[in-house]
$ cat work-v8.tsv   # TSV, C-alpha atoms and all ligand atoms
chain	number	residue	atom	x	y	z
A	1	MET	CA	-31.40	43.61	45.24
A	2	THR	CA	-33.70	42.01	47.78
A	3	GLU	CA	-32.32	39.31	50.03
A	4	ALA	CA	-34.36	36.17	50.66
A	5	LEU	CA	-36.08	36.28	54.05
A	6	PRO	CA	-35.48	33.38	56.43
A	7	THR	CA	-38.74	31.64	57.19
A	8	THR	CA	-40.02	30.44	60.55
A	9	VAL	CA	-40.51	26.95	59.25
A	10	PRO	CA	-37.34	25.32	57.86
A	11	GLU	CA	-37.67	24.14	54.27
A	12	GLY	CA	-39.02	20.62	53.89
A	13	GLN	CA	-40.41	20.68	57.40
A	14	ALA	CA	-44.06	21.35	57.97
A	15	GLU	CA	-43.82	22.81	61.46
A	16	PRO	CA	-41.17	24.44	63.63
A	17	ARG	CA	-39.66	22.28	66.34
A	18	ALA	CA	-38.79	24.92	68.94
A	19	ARG	CA	-41.60	25.01	71.49
A	20	PHE	CA	-41.54	28.81	71.63
A	21	LEU	CA	-42.20	29.11	67.88
A	22	ARG	CA	-44.81	26.33	68.03
A	23	ALA	CA	-46.73	28.12	70.77
A	24	CYS	CA	-46.59	31.42	68.84
A	25	ASN	CA	-48.19	29.55	65.94
A	26	GLN	CA	-50.79	27.96	68.26
A	27	LEU	CA	-49.37	24.48	67.65
A	28	PRO	CA	-49.32	21.80	70.40
A	29	VAL	CA	-46.21	21.74	72.61
A	30	ASP	CA	-44.52	19.26	74.99
A	31	ALA	CA	-44.28	21.93	77.71
A	32	THR	CA	-45.29	25.58	77.94
A	33	PRO	CA	-42.47	27.78	76.59
A	34	VAL	CA	-41.19	30.55	78.85
A	35	TRP	CA	-38.94	33.59	78.49
A	36	PHE	CA	-38.87	36.90	80.37
A	37	MET	CA	-38.97	40.46	79.17
A	38	ARG	CA	-35.72	42.15	80.29
A	39	GLN	CA	-34.22	38.74	81.06
A	40	ALA	CA	-30.74	40.23	80.55
A	41	GLY	CA	-29.82	43.00	82.95
A	42	ARG	CA	-28.71	44.25	86.31
A	43	TYR	CA	-30.32	41.50	88.41
A	44	MET	CA	-27.72	39.09	86.92
A	45	PRO	CA	-24.19	39.05	88.38
A	46	GLU	CA	-22.73	38.14	84.96
A	47	TYR	CA	-24.34	41.29	83.49
A	48	ARG	CA	-23.16	43.50	86.34
A	49	ALA	CA	-19.60	42.27	85.78
A	50	ILE	CA	-19.69	43.50	82.16
A	51	ARG	CA	-21.58	46.68	83.12
A	52	ALA	CA	-18.86	47.53	85.67
A	53	LYS	CA	-16.48	48.02	82.74
A	54	HIS	CA	-18.80	49.38	80.02
A	55	THR	CA	-21.80	51.69	79.73
A	56	LEU	CA	-25.07	50.35	78.32
A	57	LEU	CA	-24.42	52.12	75.02
A	58	GLU	CA	-20.90	50.69	74.81
A	59	ILE	CA	-22.30	47.18	75.27
A	60	VAL	CA	-24.82	47.58	72.46
A	61	ASP	CA	-22.20	49.23	70.22
A	62	ARG	CA	-19.97	46.16	70.45
A	63	PRO	CA	-21.65	43.14	68.89
A	64	GLU	CA	-19.41	40.62	70.73
A	65	LEU	CA	-20.39	42.09	74.11
A	66	ALA	CA	-24.06	42.50	73.24
A	67	ALA	CA	-24.12	38.89	72.00
A	68	GLU	CA	-22.55	37.67	75.22
A	69	VAL	CA	-25.15	39.54	77.32
A	70	THR	CA	-27.94	38.13	75.14
A	71	LEU	CA	-26.69	34.59	75.82
A	72	GLN	CA	-26.22	34.99	79.60
A	73	PRO	CA	-29.86	34.40	80.61
A	74	VAL	CA	-30.18	31.50	78.18
A	75	ARG	CA	-27.34	29.72	79.98
A	76	ALA	CA	-28.37	30.73	83.51
A	77	LEU	CA	-32.13	30.21	83.32
A	78	GLY	CA	-32.96	27.53	80.75
A	79	VAL	CA	-35.48	29.78	78.99
A	80	ASP	CA	-37.04	28.80	75.64
A	81	ALA	CA	-36.05	31.95	73.75
A	82	ALA	CA	-33.30	34.57	73.71
A	83	ILE	CA	-34.05	38.26	73.29
A	84	LEU	CA	-31.57	40.47	71.51
A	85	PHE	CA	-29.71	42.78	73.88
A	86	ALA	CA	-30.42	46.31	72.68
A	87	ASP	CA	-32.78	49.11	73.70
A	88	ILE	CA	-35.94	50.47	72.14
A	89	LEU	CA	-34.39	53.94	72.06
A	90	LEU	CA	-31.32	53.13	69.95
A	91	PRO	CA	-32.97	54.38	66.71
A	92	VAL	CA	-33.19	57.92	68.10
A	93	ILE	CA	-29.37	58.14	67.93
A	94	PRO	CA	-29.18	58.04	64.10
A	95	MET	CA	-32.23	60.34	64.05
A	96	GLY	CA	-29.85	62.92	65.52
A	97	LEU	CA	-31.61	63.50	68.85
A	98	GLY	CA	-28.79	62.45	71.21
A	99	LEU	CA	-29.35	59.69	73.77
A	100	GLU	CA	-27.85	59.15	77.17
A	101	PHE	CA	-28.69	56.78	80.02
A	102	ALA	CA	-28.16	58.99	83.05
A	103	GLN	CA	-27.47	57.39	86.42
A	104	GLY	CA	-30.76	56.97	88.31
A	105	GLU	CA	-32.75	58.97	85.77
A	106	GLY	CA	-33.26	56.52	82.94
A	107	PRO	CA	-33.00	57.65	79.33
A	108	VAL	CA	-32.40	61.30	78.45
A	109	ILE	CA	-32.93	62.61	74.92
A	110	HIS	CA	-31.07	65.85	74.38
A	111	LYS	CA	-33.18	67.38	71.60
A	112	PRO	CA	-36.88	66.62	72.27
A	113	VAL	CA	-39.26	66.96	69.32
A	114	ARG	CA	-42.06	69.41	70.17
A	115	SER	CA	-42.95	71.22	66.94
A	116	LEU	CA	-43.85	70.58	63.31
A	117	GLU	CA	-40.50	72.01	62.28
A	118	ALA	CA	-38.59	69.61	64.54
A	119	ALA	CA	-40.70	66.67	63.33
A	120	ARG	CA	-40.02	67.61	59.69
A	121	GLN	CA	-36.27	67.57	60.27
A	122	LEU	CA	-36.22	63.96	61.44
A	123	ARG	CA	-34.86	61.45	59.00
A	124	VAL	CA	-35.99	57.87	58.53
A	125	VAL	CA	-33.61	55.30	60.02
A	126	GLU	CA	-31.98	52.90	57.54
A	127	ALA	CA	-31.14	49.87	59.67
A	128	GLU	CA	-28.33	48.42	57.57
A	129	THR	CA	-26.28	51.59	57.69
A	130	ASP	CA	-27.50	53.23	60.93
A	131	LEU	CA	-27.87	50.21	63.20
A	132	GLY	CA	-25.54	47.71	61.55
A	133	HIS	CA	-23.97	46.82	64.93
A	134	VAL	CA	-27.33	45.52	66.17
A	135	LEU	CA	-27.74	43.38	63.06
A	136	GLU	CA	-24.22	42.02	63.57
A	137	THR	CA	-25.15	41.07	67.16
A	138	ILE	CA	-28.07	39.07	65.75
A	139	ARG	CA	-25.76	37.18	63.37
A	140	ILE	CA	-23.34	36.32	66.18
A	141	VAL	CA	-26.08	35.20	68.57
A	142	ARG	CA	-27.66	32.99	65.92
A	143	ARG	CA	-24.35	31.18	65.42
A	144	GLU	CA	-24.01	30.53	69.16
A	145	LEU	CA	-27.54	29.69	70.27
A	146	PRO	CA	-28.72	26.08	70.62
A	147	ALA	CA	-30.96	25.10	67.67
A	148	ASP	CA	-34.07	24.81	69.85
A	149	VAL	CA	-33.73	28.31	71.38
A	150	PRO	CA	-34.95	30.93	68.90
A	151	LEU	CA	-33.80	34.55	68.95
A	152	ILE	CA	-36.39	37.30	69.39
A	153	GLY	CA	-35.65	40.70	67.83
A	154	PHE	CA	-37.58	43.80	68.87
A	155	CYS	CA	-38.30	47.46	68.51
A	156	GLY	CA	-40.38	49.97	70.44
A	157	GLY	CA	-43.97	50.70	69.49
A	158	PRO	CA	-44.34	53.98	67.59
A	159	TYR	CA	-46.29	55.56	70.49
A	160	THR	CA	-43.78	54.52	73.16
A	161	VAL	CA	-40.74	55.63	71.14
A	162	ALA	CA	-42.44	58.90	70.10
A	163	SER	CA	-43.34	59.63	73.72
A	164	TYR	CA	-39.65	59.50	74.75
A	165	MET	CA	-38.74	61.65	71.73
A	166	VAL	CA	-41.28	64.31	72.74
A	167	GLU	CA	-40.84	64.20	76.53
A	168	GLY	CA	-37.03	63.92	76.36
A	169	GLY	CA	-37.13	61.13	78.95
A	170	ALA	CA	-39.42	59.27	81.30
A	171	THR	CA	-42.74	60.90	82.24
A	172	LYS	CA	-45.71	60.19	84.50
A	173	ASP	CA	-48.49	61.99	82.66
A	174	PHE	CA	-47.23	62.15	79.03
A	175	ARG	CA	-48.34	65.77	78.92
A	176	ASN	CA	-46.00	66.98	76.17
A	177	THR	CA	-46.76	63.94	74.03
A	178	LYS	CA	-50.53	64.35	74.35
A	179	ARG	CA	-50.34	68.12	73.95
A	180	LEU	CA	-48.61	67.62	70.60
A	181	MET	CA	-51.12	64.93	69.63
A	182	PHE	CA	-54.20	66.96	70.59
A	183	SER	CA	-53.04	70.48	69.69
A	184	GLU	CA	-50.67	70.01	66.76
A	185	PRO	CA	-51.91	66.99	64.86
A	186	ALA	CA	-49.81	67.81	61.77
A	187	ALA	CA	-46.64	67.68	63.90
A	188	TRP	CA	-47.81	64.46	65.62
A	189	HIS	CA	-48.59	62.67	62.34
A	190	THR	CA	-45.31	63.81	60.76
A	191	LEU	CA	-43.41	62.46	63.76
A	192	MET	CA	-45.33	59.15	63.79
A	193	ARG	CA	-44.82	58.61	60.04
A	194	THR	CA	-41.05	58.88	60.44
A	195	VAL	CA	-40.97	56.71	63.56
A	196	ALA	CA	-43.20	54.01	62.04
A	197	THR	CA	-41.20	53.81	58.81
A	198	SER	CA	-37.95	53.66	60.80
A	199	MET	CA	-39.29	50.85	63.02
A	200	GLU	CA	-40.59	48.96	59.99
A	201	ASN	CA	-37.15	49.10	58.32
A	202	TYR	CA	-35.45	48.11	61.56
A	203	LEU	CA	-37.67	45.08	62.33
A	204	VAL	CA	-37.56	43.70	58.80
A	205	ALA	CA	-33.74	44.09	58.81
A	206	GLN	CA	-33.60	42.17	62.10
A	207	VAL	CA	-35.50	39.27	60.54
A	208	ARG	CA	-33.18	39.35	57.51
A	209	ALA	CA	-30.20	39.20	59.90
A	210	GLY	CA	-31.66	36.09	61.57
A	211	ALA	CA	-34.24	37.05	64.23
A	212	GLN	CA	-36.75	34.16	64.34
A	213	ALA	CA	-39.54	36.18	65.99
A	214	VAL	CA	-39.95	39.87	66.81
A	215	GLN	CA	-41.70	41.81	69.55
A	216	LEU	CA	-43.14	45.31	69.39
A	217	PHE	CA	-42.72	46.83	72.88
A	218	ASP	CA	-45.48	49.46	73.10
A	219	SER	CA	-45.00	49.63	76.86
A	220	TRP	CA	-46.79	52.93	77.53
A	221	VAL	CA	-49.66	52.73	75.04
A	222	GLY	CA	-52.12	52.04	77.88
A	223	GLN	CA	-51.94	55.76	78.65
A	224	LEU	CA	-54.37	56.34	75.80
A	225	SER	CA	-58.15	56.08	75.58
A	226	PRO	CA	-59.38	53.61	72.95
A	227	SER	CA	-60.48	56.39	70.59
A	228	ASP	CA	-57.18	58.27	70.86
A	229	TYR	CA	-55.36	54.98	70.24
A	230	VAL	CA	-57.41	54.38	67.10
A	231	ASP	CA	-57.04	57.94	65.79
A	232	TYR	CA	-53.42	58.73	66.64
A	233	VAL	CA	-51.51	55.46	67.02
A	234	GLN	CA	-53.15	52.38	65.53
A	235	PRO	CA	-52.38	53.16	61.84
A	236	TYR	CA	-48.67	53.47	62.66
A	237	SER	CA	-48.52	50.33	64.82
A	238	ARG	CA	-50.39	48.53	62.03
A	239	GLN	CA	-47.80	49.66	59.46
A	240	VAL	CA	-44.94	48.19	61.53
A	241	LEU	CA	-46.75	45.01	62.60
A	242	ARG	CA	-48.03	44.17	59.12
A	243	ALA	CA	-44.57	44.62	57.57
A	244	ALA	CA	-43.09	42.38	60.26
A	245	MET	CA	-45.81	39.74	59.78
A	246	ALA	CA	-45.20	39.73	56.04
A	247	THR	CA	-41.69	38.34	56.71
A	248	GLY	CA	-43.32	35.13	57.99
A	249	VAL	CA	-41.92	35.12	61.55
A	250	PRO	CA	-44.20	35.32	64.60
A	251	VAL	CA	-44.81	38.87	65.80
A	252	ILE	CA	-45.55	39.62	69.46
A	253	HIS	CA	-47.52	42.80	70.14
A	254	PHE	CA	-47.05	43.93	73.73
A	255	GLY	CA	-48.26	46.80	75.89
A	256	THR	CA	-49.18	47.42	79.54
A	257	ASP	CA	-52.43	48.73	81.01
A	258	THR	CA	-54.14	47.66	77.81
A	259	ALA	CA	-57.34	46.00	79.09
A	260	THR	CA	-59.49	48.48	77.15
A	261	LEU	CA	-57.26	48.44	74.05
A	262	LEU	CA	-56.84	44.71	73.42
A	263	ARG	CA	-59.25	44.40	70.51
A	264	HIS	CA	-57.75	47.43	68.81
A	265	MET	CA	-54.24	46.09	69.37
A	266	LYS	CA	-55.21	42.75	67.84
A	267	ASP	CA	-56.76	44.61	64.93
A	268	ALA	CA	-53.46	46.47	64.41
A	269	GLY	CA	-51.66	43.12	64.14
A	270	GLY	CA	-49.66	40.43	65.89
A	271	THR	CA	-49.39	36.65	65.93
A	272	VAL	CA	-49.19	36.82	69.73
A	273	ILE	CA	-50.63	39.52	71.99
A	274	GLY	CA	-48.83	40.33	75.25
A	275	LEU	CA	-50.97	40.72	78.37
A	276	ASP	CA	-49.94	42.46	81.58
A	277	TRP	CA	-50.93	41.19	85.05
A	278	ARG	CA	-53.79	43.64	85.55
A	279	ILE	CA	-56.11	41.47	83.46
A	280	PRO	CA	-56.72	37.78	84.29
A	281	LEU	CA	-55.18	35.82	81.42
A	282	GLU	CA	-58.35	33.96	80.45
A	283	ARG	CA	-60.33	37.20	80.39
A	284	GLY	CA	-57.73	38.86	78.16
A	285	TRP	CA	-57.68	35.83	75.85
A	286	GLY	CA	-61.49	35.86	75.83
A	287	ILE	CA	-61.54	39.48	74.65
A	288	LEU	CA	-58.90	38.77	71.98
A	289	GLY	CA	-60.51	35.59	70.66
A	290	ALA	CA	-59.22	32.05	70.19
A	291	ASP	CA	-57.54	32.77	66.84
A	292	VAL	CA	-54.54	34.54	68.37
A	293	ALA	CA	-51.81	33.37	70.77
A	294	VAL	CA	-51.16	35.17	74.07
A	295	GLN	CA	-48.05	35.92	76.10
A	296	GLY	CA	-47.93	36.65	79.81
A	297	ASN	CA	-48.77	37.53	82.44
A	298	LEU	CA	-47.18	36.97	85.86
A	299	ASP	CA	-46.79	40.09	88.00
A	300	PRO	CA	-42.97	40.70	88.02
A	301	VAL	CA	-43.13	41.27	91.80
A	302	SER	CA	-44.15	37.59	92.19
A	303	LEU	CA	-40.48	36.74	91.53
A	304	LEU	CA	-39.59	38.53	94.78
A	305	ALA	CA	-41.97	36.36	96.83
A	306	PRO	CA	-41.09	33.16	98.78
A	307	LEU	CA	-41.08	30.08	96.53
A	308	PRO	CA	-44.47	28.65	97.66
A	309	VAL	CA	-46.13	32.00	96.89
A	310	LEU	CA	-44.30	32.18	93.55
A	311	ARG	CA	-45.43	28.63	92.74
A	312	ALA	CA	-49.07	29.43	93.50
A	313	ARG	CA	-48.90	32.49	91.24
A	314	VAL	CA	-47.18	30.64	88.39
A	315	ASP	CA	-49.78	27.85	88.70
A	316	ASP	CA	-52.58	30.40	88.59
A	317	VAL	CA	-51.36	31.83	85.26
A	318	LEU	CA	-50.96	28.32	83.78
A	319	GLN	CA	-54.36	27.23	85.03
A	320	LYS	CA	-55.96	30.28	83.42
A	321	ALA	CA	-54.22	29.42	80.12
A	322	GLY	CA	-55.78	25.97	80.57
A	323	GLY	CA	-53.20	24.12	78.44
A	324	ARG	CA	-54.69	25.57	75.27
A	325	PRO	CA	-52.15	25.74	72.41
A	326	GLY	CA	-50.94	29.30	71.96
A	327	HIS	CA	-49.69	30.34	75.40
A	328	VAL	CA	-46.17	31.71	75.86
A	329	PHE	CA	-45.40	32.15	79.55
A	330	ASN	CA	-43.83	35.50	80.47
A	331	LEU	CA	-44.17	38.32	82.97
A	332	GLY	CA	-46.72	41.08	82.52
A	333	HIS	CA	-43.76	43.51	82.19
A	334	GLY	CA	-39.97	43.38	82.59
A	335	ILE	CA	-37.94	41.70	85.36
A	336	LEU	CA	-37.21	44.07	88.25
A	337	THR	CA	-33.62	44.81	89.29
A	338	HIS	CA	-34.01	43.29	92.79
A	339	THR	CA	-35.06	39.89	91.47
A	340	LEU	CA	-33.08	36.81	92.58
A	341	VAL	CA	-31.72	34.72	89.72
A	342	ASP	CA	-32.55	31.52	91.65
A	343	ASN	CA	-36.21	32.47	91.78
A	344	VAL	CA	-36.31	33.11	88.04
A	345	ARG	CA	-34.70	29.72	87.38
A	346	ALA	CA	-37.23	28.10	89.74
A	347	ALA	CA	-40.09	29.77	87.84
A	348	VAL	CA	-38.77	28.34	84.55
A	349	GLU	CA	-38.79	24.85	86.07
A	350	MET	CA	-42.30	25.31	87.44
A	351	VAL	CA	-43.57	26.28	83.99
A	352	HIS	CA	-41.79	23.38	82.26
A	353	GLU	CA	-43.05	20.84	84.80
A	354	TRP	CA	-46.67	21.89	84.50
A	355	PRO	CA	-48.60	18.94	83.08
A	356	LEU	CA	-50.32	19.92	79.86
A	357	PRO	CA	-53.47	18.09	78.78
A	358	ASN	CA	-52.72	15.17	76.39
A	359	THR	CA	-54.29	17.07	73.52
A	360	SER	CA	-51.41	19.54	73.59
A	361	LEU	CA	-49.00	17.26	71.71
A	401	LIG	O1	-35.31	42.16	77.49
A	401	LIG	C1	-34.07	42.13	77.40
A	401	LIG	O2	-33.36	41.47	78.17
A	401	LIG	C2	-33.40	42.82	76.22
A	401	LIG	C3	-32.89	44.12	76.43
A	401	LIG	C4	-33.79	45.33	76.59
A	401	LIG	C5	-33.33	46.52	77.22
A	401	LIG	N1	-34.31	47.47	77.07
A	401	LIG	C6	-32.01	46.70	77.84
A	401	LIG	C7	-31.87	47.72	78.88
A	401	LIG	C8	-35.09	45.58	76.14
A	401	LIG	C9	-36.07	44.65	75.44
A	401	LIG	C10	-35.40	46.93	76.46
A	401	LIG	C11	-36.67	47.57	76.10
A	401	LIG	C12	-36.99	48.89	76.66
A	401	LIG	N2	-36.16	49.94	76.91
A	401	LIG	C13	-38.31	49.31	76.93
A	401	LIG	C14	-39.55	48.49	76.70
A	401	LIG	C15	-39.75	47.49	77.74
A	401	LIG	C16	-40.13	48.07	79.07
A	401	LIG	O3	-39.39	47.79	80.02
A	401	LIG	O4	-41.16	48.71	79.13
A	401	LIG	C17	-38.24	50.62	77.41
A	401	LIG	C18	-39.41	51.50	77.84
A	401	LIG	C19	-36.88	51.02	77.37
A	401	LIG	C20	-36.30	52.33	77.72
A	401	LIG	C21	-35.34	52.22	78.81
A	401	LIG	N3	-34.09	51.64	78.70
A	401	LIG	C22	-35.50	52.66	80.16
A	401	LIG	C23	-36.74	53.31	80.70
A	401	LIG	C24	-34.30	52.36	80.82
A	401	LIG	C25	-33.89	52.74	82.21
A	401	LIG	C26	-34.42	51.78	83.21
A	401	LIG	C27	-33.36	51.41	84.21
A	401	LIG	O5	-33.44	50.25	84.66
A	401	LIG	O6	-32.50	52.23	84.52
A	401	LIG	C28	-33.44	51.69	79.91
A	401	LIG	C29	-32.10	51.15	80.21
A	401	LIG	C30	-31.91	49.69	79.95
A	401	LIG	N4	-32.24	49.04	78.80
A	401	LIG	C31	-31.29	48.76	80.84
A	401	LIG	C32	-31.26	47.54	80.16
A	401	LIG	C33	-30.66	46.24	80.64
A	401	LIG	C34	-30.71	49.07	82.20
A	401	LIG	C35	-29.36	49.59	81.84
A	401	LIG	C36	-28.23	49.49	82.74
A	401	LIG	O7	-27.58	48.44	82.80
A	401	LIG	O8	-27.92	50.55	83.30

$ encode --input "work-v8.tsv" --output "structure tokens" --more "lines below"
Ligand code: CP3
Amino acid sequence: MTEALPTTVPEGQAEPRARFLRACNQLPVDATPVWFMRQAGRYMPEYRAIRAKHTLLEIVDRPELAAEVTLQPVRALGVDAAILFADILLPVIPMGLGLEFAQGEGPVIHKPVRSLEAARQLRVVEAETDLGHVLETIRIVRRELPADVPLIGFCGGPYTVASYMVEGGATKDFRNTKRLMFSEPAAWHTLMRTVATSMENYLVAQVRAGAQAVQLFDSWVGQLSPSDYVDYVQPYSRQVLRAAMATGVPVIHFGTDTATLLRHMKDAGGTVIGLDWRIPLERGWGILGADVAVQGNLDPVSLLAPLPVLRARVDDVLQKAGGRPGHVFNLGHGILTHTLVDNVRAAVEMVHEWPLPNTSL
């Protein structure tokens, strides 16, 4: 039996009211919507208080706690969207690879995948049974969020998730990942097929549970040349993005260091394309074309600067967006741990106070 999918636009209403959803759909807005990647986390005292008693994996295993952490930045910052509290690596747990977040080391995967045999043994993740706790978090958050603050679900991009599965953790040069890709293409494609189908199931299940937009975090895809992206990654990203877009909710396609990949990323799919700070926003939007929305792209380190410097940098991003419908303000990557909450709140106000041209609403 297939469940009915919730739509972005409520029945009987032509357009969504929430300014975040409107901007994703390139509709005029009363003020530029803003949220921050990694807006929940260690820079917030409320998060640290929960983290003092529970590990990251315990938090995401308990829907009540994960929902609370999801809501913390909404209350503290006044952002225009919530992002589900989870991690892009959760699906590797039901795949049987073992995941741990080691102190100071980041994620560690106990059984890295480095051969055709290992890739063949992986099973596709079924979200309802394998990641039901995450879907339950979505249901709780939806009940508690204000009506004008949509919930964003997410998963990792197939390349980024596969790179952790192959390396077994963080890496600088992605040498094991690229070695598998270049030297054992059958193993690479087997791995990517399983990851892409798992991510597709997971994202669609998140929308069914109530996520009103979704983001594909392909954080490390900028490690690839355009031709390697097209040959080894794009078909799998396309599979996930197209399935997510077919649900009707806006889909944000994000990566870093992607200046040379933007057209290929757009071609793979996305209602909104995420830009990092290395490319001026108007240049990135110019490459992508006017028929897609953009998200970004303040350098996260700007939030560590004195307020006048922060203001100038926020203004610069907004000026480059030029008040054109279809801009979602965000960082070019996640919030850093040393960020001051007051500065983040100040940035939200700066974005909301920015006068948009009359044509915007
Ligand atoms: O944005 C949000 O507020 C939602 C929550 C979220 C987390 N991880 C929680 C988390 C999201 C969207 C992610 C995505 C994620 N996870 C990405 C893609 C985005 C990016 O930053 O590039 C990646 C690559 C990961 C993998 C991951 N998870 C790493 C590399 C680390 C270690 C980094 C660190 O700060 O130690 C994590 C752990 C993690 N995921 C934390 C949080 C809040 C820190 C955990 C803690 O409290 O110890």

$ closest_residue --input "work-v8.tsv" --among "A:Glu117, A:Glu128, A:Asp231, A:Asp257" --to "ligand LIG 401 (chain A)" --atoms "all atoms listed in the file"
A:Asp257

$ closest_atom_pairs --input "work-v8.tsv" --of "chain A" --to "ligand LIG 401 (chain A)" --cutoff "6 Å" --atoms "only C-alpha atoms and all ligand atoms" --output "JSON lines"
{"residue": "A:Met37", "atom": "CA", "partner": "A:LIG401", "partner_atom": "O1", "distance": 4.4}
{"residue": "A:Arg38", "atom": "CA", "partner": "A:LIG401", "partner_atom": "O1", "distance": 2.8}
{"residue": "A:Gln39", "atom": "CA", "partner": "A:LIG401", "partner_atom": "O2", "distance": 4.1}
{"residue": "A:Ala40", "atom": "CA", "partner": "A:LIG401", "partner_atom": "O2", "distance": 3.8}
{"residue": "A:Gly41", "atom": "CA", "partner": "A:LIG401", "partner_atom": "C33", "distance": 4.1}
{"residue": "A:Arg42", "atom": "CA", "partner": "A:LIG401", "partner_atom": "O7", "distance": 5.6}
{"residue": "A:Leu56", "atom": "CA", "partner": "A:LIG401", "partner_atom": "O7", "distance": 5.5}
{"residue": "A:Ile83", "atom": "CA", "partner": "A:LIG401", "partner_atom": "C2", "distance": 5.5}
{"residue": "A:Leu84", "atom": "CA", "partner": "A:LIG401", "partner_atom": "C2", "distance": 5.6}
{"residue": "A:Phe85", "atom": "CA", "partner": "A:LIG401", "partner_atom": "C3", "distance": 4.3}
{"residue": "A:Ala86", "atom": "CA", "partner": "A:LIG401", "partner_atom": "C3", "distance": 5.0}
{"residue": "A:Asp87", "atom": "CA", "partner": "A:LIG401", "partner_atom": "N1", "distance": 4.0}
{"residue": "A:Ile88", "atom": "CA", "partner": "A:LIG401", "partner_atom": "N2", "distance": 4.8}
{"residue": "A:Gly106", "atom": "CA", "partner": "A:LIG401", "partner_atom": "C25", "distance": 3.9}
{"residue": "A:Pro107", "atom": "CA", "partner": "A:LIG401", "partner_atom": "C22", "distance": 5.6}
{"residue": "A:Phe217", "atom": "CA", "partner": "A:LIG401", "partner_atom": "C14", "distance": 5.2}
{"residue": "A:Ser219", "atom": "CA", "partner": "A:LIG401", "partner_atom": "O4", "distance": 4.6}
{"residue": "A:Gly334", "atom": "CA", "partner": "A:LIG401", "partner_atom": "O3", "distance": 5.1}

$ closest_residue --input "work-v8.tsv" --among "A:Pro16, A:Gly153, A:Gly222, A:Gly169" --to "A:Thr137" --atoms "all atoms listed in the file"
A:Gly153

$ closest_residue --input "work-v8.tsv" --among "A:Ile109, A:Val314, A:Ala52, A:Val79" --to "A:Pro91" --atoms "all atoms listed in the file"
A:Ile109

$ atom_distance --input "work-v8.tsv" --atom1 "atom CA of A:Phe20" --atom2 "atom CA of A:Pro306"
27.5 Å

$ atom_distance --input "work-v8.tsv" --atom1 "atom CA of A:Thr190" --atom2 "atom CA of A:Thr160"
15.6 Å

$ atom_distance --input "work-v8.tsv" --atom1 "atom CA of A:His110" --atom2 "atom CA of A:Val230"
29.6 Å

$ residues_around --input "work-v8.tsv" --residues "A:Phe154" --least-positions-apart "5" --cutoff "12 Å" --atoms "all atoms listed in the file" --output "PyMOL selection string"
chain A and resi 37-38+82-91+134-135+138+199-207+211-218+240-241+244+250-254

$ closest_residue --input "work-v8.tsv" --among "A:Leu21, A:Leu356, A:Ala147, A:Leu224" --to "A:Asp315" --atoms "all atoms listed in the file"
A:Leu356

$ closest_residue --input "work-v8.tsv" --among "A:Glu126, A:Glu282, A:Asp342, A:Glu349" --to "A:Arg324" --atoms "all atoms listed in the file"
A:Glu282

$ residues_near_point --input "work-v8.tsv" --point "(-47.4, 57.6, 75.0)" --cutoff "9 Å" --atoms "all atoms listed in the file" --output "PyMOL selection string"
chain A and resi 158-164+173-174+177-178+218-224

$ residues_near_point --input "work-v8.tsv" --point "(-33.0, 60.4, 80.1)" --cutoff "12 Å" --atoms "only C-alpha atoms" --output "list in words"
Leu89, Leu97, Gly98, Leu99, Glu100, Phe101, Ala102, Gln103, Gly104, Glu105, Gly106, Pro107, Val108, Ile109, His110, Lys111, Pro112, Tyr164, Met165, Val166, Glu167, Gly168, Gly169, Ala170 and Thr171 of chain A

$ write_last_selection --input "work-v8.tsv" --atoms "C-alpha atoms" --output "compact mmCIF listing (two decimals), in the frame of the given file"
# COMPACT_ATOMS: atom_id res chain seq x y z
CA LEU A 89 -34.39 53.94 72.06
CA LEU A 97 -31.61 63.50 68.85
CA GLY A 98 -28.79 62.45 71.21
CA LEU A 99 -29.35 59.69 73.77
CA GLU A 100 -27.85 59.15 77.17
CA PHE A 101 -28.69 56.78 80.02
CA ALA A 102 -28.16 58.99 83.05
CA GLN A 103 -27.47 57.39 86.42
CA GLY A 104 -30.76 56.97 88.31
CA GLU A 105 -32.75 58.97 85.77
CA GLY A 106 -33.26 56.52 82.94
CA PRO A 107 -33.00 57.65 79.33
CA VAL A 108 -32.40 61.30 78.45
CA ILE A 109 -32.93 62.61 74.92
CA HIS A 110 -31.07 65.85 74.38
CA LYS A 111 -33.18 67.38 71.60
CA PRO A 112 -36.88 66.62 72.27
CA TYR A 164 -39.65 59.50 74.75
CA MET A 165 -38.74 61.65 71.73
CA VAL A 166 -41.28 64.31 72.74
CA GLU A 167 -40.84 64.20 76.53
CA GLY A 168 -37.03 63.92 76.36
CA GLY A 169 -37.13 61.13 78.95
CA ALA A 170 -39.42 59.27 81.30
CA THR A 171 -42.74 60.90 82.24

$ residues_around --input "work-v8.tsv" --residues "A:Met192" --least-positions-apart "4" --cutoff "9 Å" --atoms "only C-alpha atoms" --output "list in words"
Ala119, Pro158, Tyr159, Ala162, Ala187, Trp188, Ala196, Thr197, Tyr232, Val233 and Tyr236 of chain A

$ closest_residue --input "work-v8.tsv" --among "A:Val328, A:Ile279, A:Val341, A:Val249" --to "A:Gln72" --atoms "all atoms listed in the file"
A:Val341

$ residues_around --input "work-v8.tsv" --residues "A:Arg238" --least-positions-apart "3" --cutoff "6 Å" --atoms "all atoms listed in the file" --output "compact mmCIF listing (two decimals) with C-alpha atoms, in the frame of the given file"
# COMPACT_ATOMS: atom_id res chain seq x y z
CA GLN A 234 -53.15 52.38 65.53
CA PRO A 235 -52.38 53.16 61.84
CA LEU A 241 -46.75 45.01 62.60
CA ARG A 242 -48.03 44.17 59.12
CA ALA A 268 -53.46 46.47 64.41
CA GLY A 269 -51.66 43.12 64.14
